[in-house]
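These notes are about the structure you will find just below.
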Amino acid sequence: MANERLRTALLQNGLTPQSAAESLGVDAKTVERWITKERVPYPKHRYALTALLHESEDYLWPEAAPRRQFADVEAVYTTRAEFTQAMPPRQLFEGATTIDMSGLSLNLLCQQYSDNDLLKLVAAGTTIRCLFLDPDGKHIRAREEEEGHNTGVLTSLTEINIRSLIRLQNKISARSTGAILIRTYDEPVRFNITVIDKKTCITQPYLPSARGVESPTFVARRTDQPGIFDTFAQVFESMWSTGKEVAAE
């Protein structure tokens with residue numbers, strides 16, 4: 001049987017199997033098989049298609065959708081490395097209108113996404129809010145000790161990332177309709193939270209005595225029912241409202 005939902009979603013978004021294949025980096029015949037032979041794509045390709053087509057995974061491939069305890073939890077990855085392989089930053093942030101991030105050093109954005117791509121987002125109207133753990137605060141030093149780092153390791157990385165964003169702020173064209181906003185907080189670091197377009201929430205807890213890269217990742221999509229998305233989106237907004245603004249130099 002053909003996957004008529006996938007065929008229709010492509011047409012509604014002005015895409016052909018060839019153009020979709022180019023966006024995903026696969027062969028056009030592969031996309032044709034997904035449609036005509038109802039083959040189920042690999043998870044990373046399913047995620048890319050849901051973002052491209054603005055449809056949910058369980059709508060396009062109901063037989064592949066995982067059973068969930070919470071209706072809005074779309075995926076769970078055992079480590080951050082596994083997550084970034086399945087959902088690379090370029091794929092996550094491309095075309096976003098709002099990106100909200102809180103955590104420690106925010107490496108997903110600052111170390112894994114290029115300056116040029118960030119400036120392109122802002123020029124296109126994207127507003128990016130970044131809430132860093134205060135590099136001058138006591139809680140970043142506590143986290144360094146917990147992870148077994150030498151004093152200053154996480155502090156220096158966070159300072160570098162903040163300064164890189166300040167440098168980009170100074171490069172933003174006056175014609176740009178977007179913005180990069182930076183704040184800091186000084187509380188125990190519990191989660192990395194990334195909210196994209198008020199629809200997708202990526203949550204990464206910090207584990208005791210383990211580096212952040214070793215922690216699991218949860219991906220939730222906003223629905224019309226309360227869920228994980230709402231919980232962590234509200235956590236971000238609460239932390240942002242009390243954060244200390246970092247002014248452009």
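Quick note on naming: the chains in the structure tokens go A, B, ... in the order shown, residues restart at 1 in each chain, and ligands are numbered from 1 in order of appearance.
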
Discussion item. Show me, as a ChimeraX atom specification, the residues that have an atom within 6 Å of range 135-147 of chain A when counting only C-alpha atoms, minus same-chain residues fewer than 6 positions from it.
Written reply: /A:155,186-188,209-211

Fill in: helix (DSSP H, G or I) positions in range 61-232 of chain A, given as a PyMOL selection string
chain A and resi 80-86+89-93+107-110+115-123+138-147+153-169+212-214+228-232

Practice prompt. For Ile172 in chain A, list every protein, DNA or RNA residue within 12 Å, evaluated using only C-alpha atoms, and leave out those in the same chain fewer than 2 positions away; present the list as a PyMOL selection string.
Written response: chain A and resi 115-116+118-127+165-170+174-180+248

Hey, can you spit out that residue selection with N, CA and C atoms as an mmCIF file, in the first residue's frame?
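Here's the written file again.cif:
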```cif
data_model
loop_
_atom_site.group_PDB
_atom_site.id
_atom_site.type_symbol
_atom_site.label_atom_id
_atom_site.label_comp_id
_atom_site.auth_asym_id
_atom_site.auth_seq_id
_atom_site.Cartn_x
_atom_site.Cartn_y
_atom_site.Cartn_z
ATOM 1 N N ASP A 115 28.588 30.606 13.000
ATOM 2 C CA ASP A 115 28.280 32.029 13.136
ATOM 3 C C ASP A 115 27.481 32.535 11.940
ATOM 4 N N ASN A 116 27.888 32.136 10.749
ATOM 5 C CA ASN A 116 27.196 32.597 9.543
ATOM 6 C C ASN A 116 25.740 32.165 9.523
ATOM 7 N N LEU A 118 23.922 31.495 12.168
ATOM 8 C CA LEU A 118 23.226 32.267 13.197
ATOM 9 C C LEU A 118 22.846 33.650 12.676
ATOM 10 N N LEU A 119 23.778 34.300 12.005
ATOM 11 C CA LEU A 119 23.496 35.625 11.467
ATOM 12 C C LEU A 119 22.412 35.577 10.396
ATOM 13 N N LYS A 120 22.397 34.512 9.610
ATOM 14 C CA LYS A 120 21.344 34.351 8.604
ATOM 15 C C LYS A 120 19.975 34.201 9.269
ATOM 16 N N LEU A 121 19.929 33.432 10.359
ATOM 17 C CA LEU A 121 18.670 33.289 11.080
ATOM 18 C C LEU A 121 18.168 34.637 11.575
ATOM 19 N N VAL A 122 19.073 35.387 12.220
ATOM 20 C CA VAL A 122 18.678 36.682 12.774
ATOM 21 C C VAL A 122 18.251 37.640 11.663
ATOM 22 N N ALA A 123 18.981 37.625 10.558
ATOM 23 C CA ALA A 123 18.629 38.488 9.431
ATOM 24 C C ALA A 123 17.243 38.163 8.893
ATOM 25 N N ALA A 124 16.854 36.894 8.996
ATOM 26 C CA ALA A 124 15.543 36.465 8.508
ATOM 27 C C ALA A 124 14.436 36.691 9.529
ATOM 28 N N GLY A 125 14.804 37.180 10.734
ATOM 29 C CA GLY A 125 13.785 37.514 11.721
ATOM 30 C C GLY A 125 13.735 36.639 12.954
ATOM 31 N N THR A 126 14.703 35.748 13.121
ATOM 32 C CA THR A 126 14.698 34.848 14.281
ATOM 33 C C THR A 126 15.132 35.588 15.544
ATOM 34 N N THR A 127 14.387 35.404 16.619
ATOM 35 C CA THR A 127 14.772 35.922 17.927
ATOM 36 C C THR A 127 15.328 34.769 18.759
ATOM 37 N N LEU A 165 28.678 35.208 21.215
ATOM 38 C CA LEU A 165 27.357 35.742 20.877
ATOM 39 C C LEU A 165 27.344 37.266 20.918
ATOM 40 N N ILE A 166 28.075 37.857 21.863
ATOM 41 C CA ILE A 166 28.182 39.318 21.902
ATOM 42 C C ILE A 166 28.840 39.830 20.619
ATOM 43 N N ARG A 167 29.869 39.109 20.177
ATOM 44 C CA ARG A 167 30.531 39.487 18.930
ATOM 45 C C ARG A 167 29.548 39.443 17.761
ATOM 46 N N LEU A 168 28.669 38.431 17.751
ATOM 47 C CA LEU A 168 27.667 38.335 16.689
ATOM 48 C C LEU A 168 26.625 39.442 16.811
ATOM 49 N N GLN A 169 26.277 39.808 18.052
ATOM 50 C CA GLN A 169 25.341 40.918 18.229
ATOM 51 C C GLN A 169 25.842 42.169 17.516
ATOM 52 N N ASN A 170 27.128 42.392 17.589
ATOM 53 C CA ASN A 170 27.719 43.592 16.987
ATOM 54 C C ASN A 170 27.786 43.518 15.466
ATOM 55 N N ALA A 174 21.481 46.485 10.790
ATOM 56 C CA ALA A 174 20.362 47.310 11.245
ATOM 57 C C ALA A 174 19.067 46.927 10.531
ATOM 58 N N ARG A 175 19.189 46.278 9.398
ATOM 59 C CA ARG A 175 18.002 45.853 8.644
ATOM 60 C C ARG A 175 17.436 44.531 9.150
ATOM 61 N N SER A 176 18.191 43.844 10.002
ATOM 62 C CA SER A 176 17.729 42.556 10.515
ATOM 63 C C SER A 176 16.527 42.748 11.434
ATOM 64 N N THR A 177 15.571 41.848 11.326
ATOM 65 C CA THR A 177 14.375 41.933 12.161
ATOM 66 C C THR A 177 14.435 40.998 13.364
ATOM 67 N N GLY A 178 15.482 40.182 13.438
ATOM 68 C CA GLY A 178 15.645 39.288 14.578
ATOM 69 C C GLY A 178 16.588 39.878 15.610
ATOM 70 N N ALA A 179 16.951 39.053 16.606
ATOM 71 C CA ALA A 179 17.822 39.538 17.671
ATOM 72 C C ALA A 179 18.438 38.369 18.420
ATOM 73 N N ILE A 180 19.581 38.644 19.068
ATOM 74 C CA ILE A 180 20.198 37.703 20.006
ATOM 75 C C ILE A 180 20.173 38.364 21.381
ATOM 76 N N ALA A 248 25.279 44.116 25.236
ATOM 77 C CA ALA A 248 26.230 44.092 24.123
ATOM 78 C C ALA A 248 27.340 45.095 24.402
#
```

Practice prompt. Find the spatial neighbours of range 35-50 of chain A, counting only C-alpha atoms, within a cut-off of 6 Å - ignore same-chain residues fewer than 3 positions away - and output them as a ChimeraX atom specification.
Written response: /A:2-3,32,53-56,86

Practice prompt. Identify, on the basis of only C-alpha atoms, every residue whose closest approach to Val235 in chain A does not exceed 12 Å; exclude the query and any residue fewer than 6 positions from it along the same chain; express the result as a PyMOL selection string.
Written response: chain A and resi 100-103+131+190-195+201+203+228-229+241-242

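For the choices A:Ser164, A:Thr231, A:Thr184, A:Ser215, the atom-to-atom distance to Glu245 in chain A is smallest for A:Thr184 when using only C-alpha atoms.
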